[in-house]
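Source file: run_35.txt. Holds: compact mmCIF, C-alpha atoms.
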```txt
# COMPACT_ATOMS: atom_id res chain seq x y z
CA ARG A 1 -34.93 -123.19 -201.91
CA ALA A 2 -31.70 -123.17 -199.86
CA SER A 3 -32.81 -126.23 -197.89
CA ALA A 4 -33.59 -128.01 -201.14
CA ARG A 5 -30.05 -127.45 -202.36
CA GLN A 6 -28.71 -128.93 -199.09
CA ARG A 7 -30.87 -132.04 -199.27
CA PRO A 8 -28.57 -135.03 -199.89
CA GLY A 9 -29.16 -136.65 -203.23
CA PRO A 10 -28.45 -140.19 -204.42
CA LEU A 11 -24.93 -141.56 -204.21
CA ALA A 12 -22.78 -140.01 -206.92
CA PRO A 13 -21.55 -142.40 -209.62
CA ALA A 14 -17.92 -141.82 -208.61
CA ALA A 15 -18.69 -142.56 -204.96
CA ALA A 16 -20.73 -145.61 -205.88
CA ALA A 17 -17.84 -146.86 -207.99
CA ASP A 18 -15.61 -146.68 -204.92
CA MET A 19 -17.77 -149.23 -203.10
CA GLY A 20 -17.20 -152.89 -203.88
CA THR A 21 -19.94 -155.47 -204.08
CA ASP A 22 -18.80 -156.81 -200.71
CA GLY A 23 -19.33 -153.43 -199.02
CA LEU A 24 -15.63 -152.61 -198.74
CA ASP A 25 -14.47 -149.13 -199.65
CA LYS A 26 -12.03 -149.49 -202.54
CA SER A 27 -10.91 -145.86 -202.55
CA GLY A 28 -9.50 -145.49 -199.05
CA GLY A 29 -8.77 -147.24 -195.82
CA ALA A 30 -5.82 -149.55 -195.45
CA ILE A 31 -7.69 -152.22 -193.51
CA PRO A 32 -10.60 -152.61 -196.01
CA ARG A 33 -8.14 -152.78 -198.92
CA ALA A 34 -5.98 -155.33 -197.09
CA ILE A 35 -9.03 -157.45 -196.26
CA LYS A 36 -10.14 -157.39 -199.89
CA ALA A 37 -6.67 -158.48 -201.02
CA VAL A 38 -6.64 -161.35 -198.52
CA ARG A 39 -10.14 -162.45 -199.53
CA GLY A 40 -9.05 -162.71 -203.16
CA ALA A 41 -6.05 -164.88 -202.33
CA SER A 42 -6.05 -168.66 -202.59
CA VAL A 43 -6.22 -170.91 -199.52
CA GLY A 44 -2.52 -171.70 -199.83
CA ALA A 45 -1.65 -168.01 -200.10
CA LYS A 46 -3.75 -167.22 -197.01
CA ALA A 47 -1.98 -169.96 -195.06
CA GLY A 48 1.38 -168.61 -196.20
CA MET A 49 0.40 -165.08 -195.12
CA LEU A 50 -0.68 -166.37 -191.71
CA VAL A 51 2.53 -168.32 -191.16
CA GLY A 52 4.65 -165.42 -192.36
CA LEU A 53 2.86 -162.97 -190.09
CA ALA A 54 3.27 -165.33 -187.12
CA ILE A 55 6.99 -165.82 -187.78
CA ALA A 56 7.56 -162.07 -188.23
CA SER A 57 5.72 -161.37 -184.97
CA LEU A 58 7.76 -163.99 -183.11
CA LEU A 59 11.05 -162.59 -184.43
CA PHE A 60 9.99 -159.07 -183.48
CA MET A 61 9.12 -160.14 -179.93
CA TYR A 62 12.28 -162.25 -179.61
CA PHE A 63 14.61 -159.36 -180.41
CA VAL A 64 12.62 -156.51 -178.80
CA LEU A 65 11.44 -158.04 -175.51
CA GLU A 66 14.12 -158.67 -172.91
CA ASP A 67 11.74 -160.39 -170.51
CA HIS A 68 9.56 -162.87 -172.38
CA ASP A 69 7.33 -163.31 -169.33
CA VAL A 70 5.74 -160.03 -170.41
CA LEU A 71 3.97 -162.03 -173.12
CA PHE A 72 2.22 -164.20 -170.55
CA VAL A 73 1.10 -161.09 -168.65
CA LEU A 74 -0.21 -159.58 -171.89
CA ALA A 75 -2.00 -162.84 -172.75
CA GLU A 76 -3.79 -162.86 -169.41
CA CYS A 77 -4.68 -159.16 -169.71
CA VAL A 78 -6.21 -159.78 -173.16
CA HIS A 79 -8.14 -162.75 -171.73
CA VAL A 80 -9.45 -160.56 -168.91
CA SER A 81 -10.56 -157.94 -171.45
CA GLY A 82 -12.56 -160.64 -173.23
CA ILE A 83 -14.17 -161.72 -169.97
CA GLY A 84 -14.94 -158.05 -169.28
CA ALA A 85 -16.76 -157.82 -172.59
CA LEU A 86 -18.89 -160.82 -171.64
CA VAL A 87 -19.71 -159.37 -168.22
CA TYR A 88 -20.73 -156.09 -169.88
CA ARG A 89 -22.83 -157.93 -172.46
CA LEU A 90 -24.67 -159.99 -169.82
CA GLY A 91 -25.44 -156.88 -167.79
CA LYS A 92 -26.49 -154.74 -170.75
CA THR A 93 -28.52 -157.16 -172.84
CA GLY A 94 -29.80 -159.51 -170.13
CA THR A 95 -29.24 -162.53 -172.38
CA CYS A 96 -26.56 -165.17 -172.80
CA ALA A 97 -27.78 -166.51 -176.15
CA GLY A 98 -24.93 -167.76 -178.33
CA LEU A 99 -22.54 -168.18 -175.40
CA SER A 100 -21.29 -171.67 -174.52
CA ARG A 101 -21.62 -172.41 -170.82
CA THR A 102 -19.59 -175.58 -171.33
CA SER A 103 -16.62 -173.55 -172.57
CA GLN A 104 -16.94 -171.21 -169.60
CA GLU A 105 -17.00 -174.11 -167.15
CA LEU A 106 -14.02 -175.79 -168.82
CA THR A 107 -12.20 -172.45 -168.67
CA ALA A 108 -12.96 -172.18 -164.96
CA LEU A 109 -11.69 -175.74 -164.47
CA PHE A 110 -8.31 -175.23 -166.13
CA LEU A 111 -7.92 -171.84 -164.44
CA GLY A 112 -8.68 -173.37 -161.05
CA VAL A 113 -6.16 -176.18 -161.59
CA ARG A 114 -3.54 -173.76 -162.91
CA LEU A 115 -4.18 -171.38 -160.02
CA TYR A 116 -3.58 -174.20 -157.54
CA CYS A 117 -0.40 -175.30 -159.31
CA SER A 118 0.81 -171.71 -159.54
CA ALA A 119 0.22 -171.15 -155.82
CA VAL A 120 2.04 -174.36 -154.90
CA MET A 121 4.84 -174.34 -157.46
CA GLU A 122 5.50 -170.68 -158.40
CA GLN A 123 3.68 -168.03 -156.31
CA ASP A 124 4.28 -165.11 -158.65
CA ILE A 125 2.29 -162.62 -160.71
CA HIS A 126 0.79 -165.51 -162.70
CA THR A 127 -1.14 -166.48 -159.57
CA LEU A 128 -2.78 -163.05 -159.31
CA LEU A 129 -3.61 -162.94 -163.01
CA ASP A 130 -5.22 -166.38 -162.94
CA LEU A 131 -7.22 -165.38 -159.86
CA ALA A 132 -8.63 -162.29 -161.62
CA THR A 133 -9.50 -164.29 -164.73
CA LEU A 134 -11.12 -167.05 -162.69
CA ALA A 135 -13.23 -164.54 -160.75
CA GLY A 136 -14.56 -163.03 -163.99
CA THR A 137 -15.26 -166.45 -165.49
CA GLY A 138 -17.03 -167.54 -162.31
CA PHE A 139 -19.31 -164.50 -162.50
CA VAL A 140 -20.21 -165.31 -166.12
CA ILE A 141 -21.06 -168.91 -165.16
CA PHE A 142 -23.18 -167.70 -162.23
CA MET A 143 -25.14 -165.34 -164.48
CA MET A 144 -25.69 -168.05 -167.10
CA ARG A 145 -26.85 -170.65 -164.58
CA PHE A 146 -28.96 -168.65 -162.16
CA ARG A 147 -29.92 -165.29 -163.66
CA LEU A 148 -30.09 -165.68 -167.44
CA GLY A 149 -30.77 -169.41 -167.77
CA ALA A 150 -33.92 -168.85 -169.83
CA SER A 151 -31.88 -167.35 -172.69
CA TYR A 152 -29.21 -170.07 -172.69
CA SER A 153 -29.06 -171.92 -176.03
CA ARG A 154 -28.78 -175.41 -174.59
CA GLU A 155 -29.60 -177.14 -177.88
CA LEU A 156 -26.60 -175.50 -179.58
CA ASP A 157 -24.18 -176.11 -176.69
CA SER A 158 -24.03 -179.85 -177.29
CA VAL A 159 -20.41 -180.86 -176.54
CA PRO A 160 -20.29 -182.95 -173.31
CA HIS A 161 -17.74 -181.96 -170.67
CA LEU A 162 -16.22 -185.43 -170.45
CA VAL A 163 -15.52 -185.58 -174.18
CA VAL A 164 -13.12 -182.69 -173.67
CA VAL A 165 -11.82 -183.46 -170.17
CA LEU A 166 -11.04 -187.20 -170.34
CA PRO A 167 -8.53 -187.05 -173.25
CA CYS A 168 -6.71 -184.26 -171.39
CA VAL A 169 -6.50 -186.40 -168.26
CA VAL A 170 -5.09 -189.36 -170.19
CA LEU A 171 -2.59 -187.19 -172.06
CA ALA A 172 -1.48 -185.50 -168.80
CA ILE A 173 -0.74 -188.88 -167.22
CA ILE A 174 1.29 -189.92 -170.27
CA ALA A 175 3.12 -186.64 -170.95
CA HIS A 176 3.91 -184.25 -168.07
CA PRO A 177 6.90 -182.16 -166.94
CA PHE A 178 9.84 -183.64 -165.09
CA THR A 179 10.61 -181.22 -162.27
CA VAL A 180 11.40 -181.55 -158.57
CA HIS A 181 7.73 -181.10 -157.66
CA TRP A 182 5.38 -183.85 -156.53
CA MET A 183 4.14 -186.13 -159.30
CA GLY A 184 0.49 -185.14 -158.77
CA HIS A 185 1.27 -181.46 -159.20
CA ARG A 186 3.15 -182.10 -162.43
CA VAL A 187 0.23 -184.09 -163.85
CA LEU A 188 -2.20 -181.34 -162.85
CA TRP A 189 -0.02 -178.72 -164.51
CA ALA A 190 0.01 -180.74 -167.75
CA PHE A 191 -3.76 -181.27 -167.51
CA ALA A 192 -4.33 -177.50 -167.25
CA VAL A 193 -2.14 -176.89 -170.31
CA TYR A 194 -4.01 -179.45 -172.43
CA LEU A 195 -7.47 -178.38 -171.24
CA GLU A 196 -6.71 -174.74 -171.99
CA ALA A 197 -5.89 -175.71 -175.58
CA VAL A 198 -9.32 -177.27 -176.20
CA SER A 199 -11.59 -175.45 -173.73
CA VAL A 200 -12.83 -173.18 -176.51
CA ALA A 201 -13.99 -176.15 -178.63
CA PRO A 202 -17.63 -176.09 -177.38
CA GLN A 203 -17.85 -172.35 -178.15
CA VAL A 204 -16.40 -172.96 -181.62
CA ARG A 205 -18.92 -175.75 -182.24
CA MET A 206 -21.74 -173.49 -181.08
CA MET A 207 -20.69 -170.73 -183.48
CA GLN A 208 -20.43 -173.23 -186.33
CA ARG A 209 -24.04 -174.20 -185.79
CA ALA A 210 -25.41 -170.68 -185.25
CA GLN A 211 -23.38 -168.94 -188.03
CA VAL A 212 -24.24 -165.58 -186.43
CA VAL A 213 -22.18 -164.25 -183.50
CA GLU A 214 -23.18 -161.28 -181.35
CA LYS A 215 -20.48 -158.58 -181.23
CA PHE A 216 -19.49 -158.92 -177.56
CA THR A 217 -19.25 -162.69 -177.84
CA ALA A 218 -17.26 -162.24 -181.05
CA PHE A 219 -14.86 -159.88 -179.26
CA TYR A 220 -14.49 -162.42 -176.43
CA VAL A 221 -13.54 -165.20 -178.85
CA PHE A 222 -11.20 -162.84 -180.72
CA ALA A 223 -9.58 -161.94 -177.38
CA LEU A 224 -9.15 -165.66 -176.71
CA GLY A 225 -7.44 -166.05 -180.07
CA ALA A 226 -5.09 -163.14 -179.38
CA SER A 227 -4.43 -164.42 -175.88
CA ARG A 228 -3.65 -167.90 -177.21
CA PHE A 229 -1.19 -166.46 -179.73
CA LEU A 230 0.63 -164.46 -177.05
CA SER A 231 0.73 -167.51 -174.79
CA CYS A 232 2.05 -169.65 -177.64
CA ALA A 233 4.72 -167.02 -178.37
CA HIS A 234 5.68 -167.04 -174.69
CA TRP A 235 6.23 -170.80 -174.72
CA LEU A 236 8.14 -170.79 -178.00
CA LEU A 237 10.45 -167.94 -177.03
CA GLN A 238 11.12 -169.52 -173.66
CA VAL A 239 12.13 -172.73 -175.41
CA LEU A 240 14.54 -170.76 -177.62
CA ASP A 241 16.11 -169.14 -174.56
CA PRO A 242 18.75 -171.55 -173.16
CA ASN A 243 18.71 -169.82 -169.76
CA SER A 244 14.95 -169.87 -169.16
CA PHE A 245 13.39 -171.79 -166.29
CA LEU A 246 10.66 -173.07 -168.59
CA ARG A 247 13.15 -174.71 -170.94
CA THR A 248 14.66 -176.56 -167.97
CA ALA A 249 11.20 -177.55 -166.74
CA LEU A 250 10.20 -178.88 -170.15
CA GLY A 251 13.02 -181.40 -170.02
CA SER A 252 12.88 -184.14 -172.64
CA GLY A 253 10.54 -186.87 -173.82
CA LEU A 254 6.91 -186.44 -174.88
CA TRP A 255 6.15 -183.45 -172.66
CA PRO A 256 7.92 -180.68 -174.63
CA VAL A 257 6.47 -181.96 -177.90
CA ALA A 258 2.95 -182.27 -176.46
CA VAL A 259 2.93 -178.86 -174.81
CA LEU A 260 4.24 -177.06 -177.87
CA LEU A 261 1.73 -178.81 -180.13
CA SER A 262 -1.11 -177.90 -177.77
CA GLU A 263 -0.04 -174.24 -177.77
CA ILE A 264 0.13 -174.18 -181.57
CA VAL A 265 -3.21 -175.98 -181.96
CA GLN A 266 -5.05 -173.58 -179.66
CA THR A 267 -3.65 -170.65 -181.64
CA PHE A 268 -4.54 -171.87 -185.13
CA ILE A 269 -7.95 -173.21 -184.09
CA LEU A 270 -9.12 -169.58 -183.82
CA ALA A 271 -6.98 -167.99 -186.54
CA ASP A 272 -9.72 -168.17 -189.18
CA PHE A 273 -12.28 -166.73 -186.77
CA CYS A 274 -9.95 -163.83 -185.92
CA TYR A 275 -9.65 -162.96 -189.62
CA TYR A 276 -13.44 -162.77 -190.02
CA TYR A 277 -13.71 -160.78 -186.79
CA VAL A 278 -11.27 -158.13 -188.09
CA LYS A 279 -13.19 -158.04 -191.39
CA SER A 280 -16.50 -157.62 -189.57
CA ALA A 281 -15.08 -154.90 -187.30
CA ALA A 282 -13.64 -153.03 -190.30
CA LEU A 283 -17.09 -152.99 -191.89
CA GLY A 284 -18.71 -151.81 -188.64
CA GLU A 285 -21.18 -154.69 -188.57
CA SER A 286 -23.32 -155.04 -185.43
CA VAL A 287 -23.26 -158.84 -185.64
CA MET A 288 -20.69 -161.18 -187.11
CA ARG A 289 -21.77 -163.64 -189.78
CA LEU A 290 -19.58 -166.66 -190.43
CA PRO A 291 -19.41 -168.51 -193.75
CA THR A 292 -20.01 -172.24 -193.65
CA GLY A 293 -16.96 -174.16 -192.49
CA VAL A 294 -15.26 -171.33 -190.59
CA VAL A 295 -13.62 -172.36 -187.27
```
Taking this structure as input, can you express it in the form of structure tokens?
Amino acid sequence: RASARQRPGPLAPAAAADMGTDGLDKSGGAIPRAIKAVRGASVGAKAGMLVGLAIASLLFMYFVLEDHDVLFVLAECVHVSGIGALVYRLGKTGTCAGLSRTSQELTALFLGVRLYCSAVMEQDIHTLLDLATLAGTGFVIFMMRFRLGASYSRELDSVPHLVVVLPCVVLAIIAHPFTVHWMGHRVLWAFAVYLEAVSVAPQVRMMQRAQVVEKFTAFYVFALGASRFLSCAHWLLQVLDPNSFLRTALGSGLWPVAVLLSEIVQTFILADFCYYYVKSAALGESVMRLPTGVV
């Protein structure tokens, strides 16, 4: 009789009333309530919220951080955490389904070029960070090509490498920094900046077609989005600082406009995905489902 009294019954009407039709708890939890409020807003209101949040974050970092190079270090650390999630996923699940090998190879390409330029032109902590990120990316590529190739979704990973690489080469020849370094190094530096901005495009296209994203892959893409935002903030704050080396290196002409646009594009290209990732994480979903047209 005592055990019968302890047996859980059906959800009480009051508790059921606290759950929305979308699965979000209406009675408590700041994140679920915030997500519900954002979901109910218009497209223009969502865009305004995103821009406002970005501006507030930039102002906070501008006045709080004395050394803006910390943002680049943070961006690389977040990127490494995303790569770590992929490495863990490949080892745990033994499958690379839903992961774009093209994006990984493009990432390795821009990291390799940037690592070379960093070693030749700067030789600082950026060199070590790029080396760690490149090593992790190389391991992911190795696993996808030689160990887990049978699970690779080749039919969904349909963006050719040259479609992404060639426009970056042309743009780098047209718009590159004007520094004291050799012309070839300056073009390579610009190429790495442009390729980084669009290297995630094949992964985005793959997710658009699949509509379902495994949680470790979703975290990796979210980490890319966060890393891109921190990198974009680093560039913007350096431009605002009249004494920064980067502002001097940017110079004038097409290069400063092109590099800033590329940083902004690579941030906003994943902004929508990051919103749905936070929503999915707040709900505790094991997989992330994307509505049609996202990213």
Checklist line | Counting all atoms listed in the file, the option among A:Met144, A:Val204, A:Met288, A:Leu115 closest to Arg89 (chain A) | finding: A:Met144
Check: Expressed in Å to a single decimal, how great is the separation between CA of Met206 (chain A) and CA of Val80 (chain A)?
Finding: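 Computing the Euclidean distance for CA of Met206 (chain A) and CA of Val80 (chain A) yields 21.6 Å.
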Note to self: Please report the interatomic distance between CA of Ser81 (chain A) and CA of Pro256 (chain A) in Å with one decimal.
What the structure shows: 29.5 Å
Checklist line | Straight-line distance linking CA of Cys168 (chain A) with CA of Gln208 (chain A), stated in Å to one decimal | finding: 23.1 Å
Notebook entry, point to check: Pick from A:Phe219, A:Trp255, A:Phe178, A:Trp235: nearest to Val278 (chain A), with all atoms listed in the file counted?
Noted result: A:Phe219
Checklist line | Ref. answer, residues at most 10 Å from (-7.4, -178.8, -173.9) with all atoms listed in the file, as JSON, numbers by chain | finding: {"A": [106, 107, 110, 164, 165, 166, 167, 168, 169, 171, 190, 191, 192, 193, 194, 195, 196, 197, 198, 199, 200, 201, 262, 263, 265, 266]}
Notebook entry, point to check: Which is closest to Gln203 (chain A) among A:Val180, A:Ile264, A:Leu128, A:Ile269, if we use all atoms listed in the file?
Noted result: A:Ile269
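Closest approach to Arg145 (chain A) among A:Leu129, A:Ala175, A:Leu99, A:Val259 is made by A:Leu99 (distances from all atoms listed in the file).
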Note to self: Show me, as an MDAnalysis selection string, the residues that have an atom within 12 Å of Gly91 (chain A) when counting only C-alpha atoms, minus same-chain residues fewer than 3 positions from it.
What the structure shows: chainID A and resid 84:88 94:96 139:140 143:144 147:148 216
Checklist line | Minimum-distance residue to Pro160 (chain A), chosen among A:Ser100, A:Leu261, A:Asp69, A:Ser231 (using only C-alpha atoms) | finding: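 Selected residue with least distance to Pro160 (chain A): A:Ser100.
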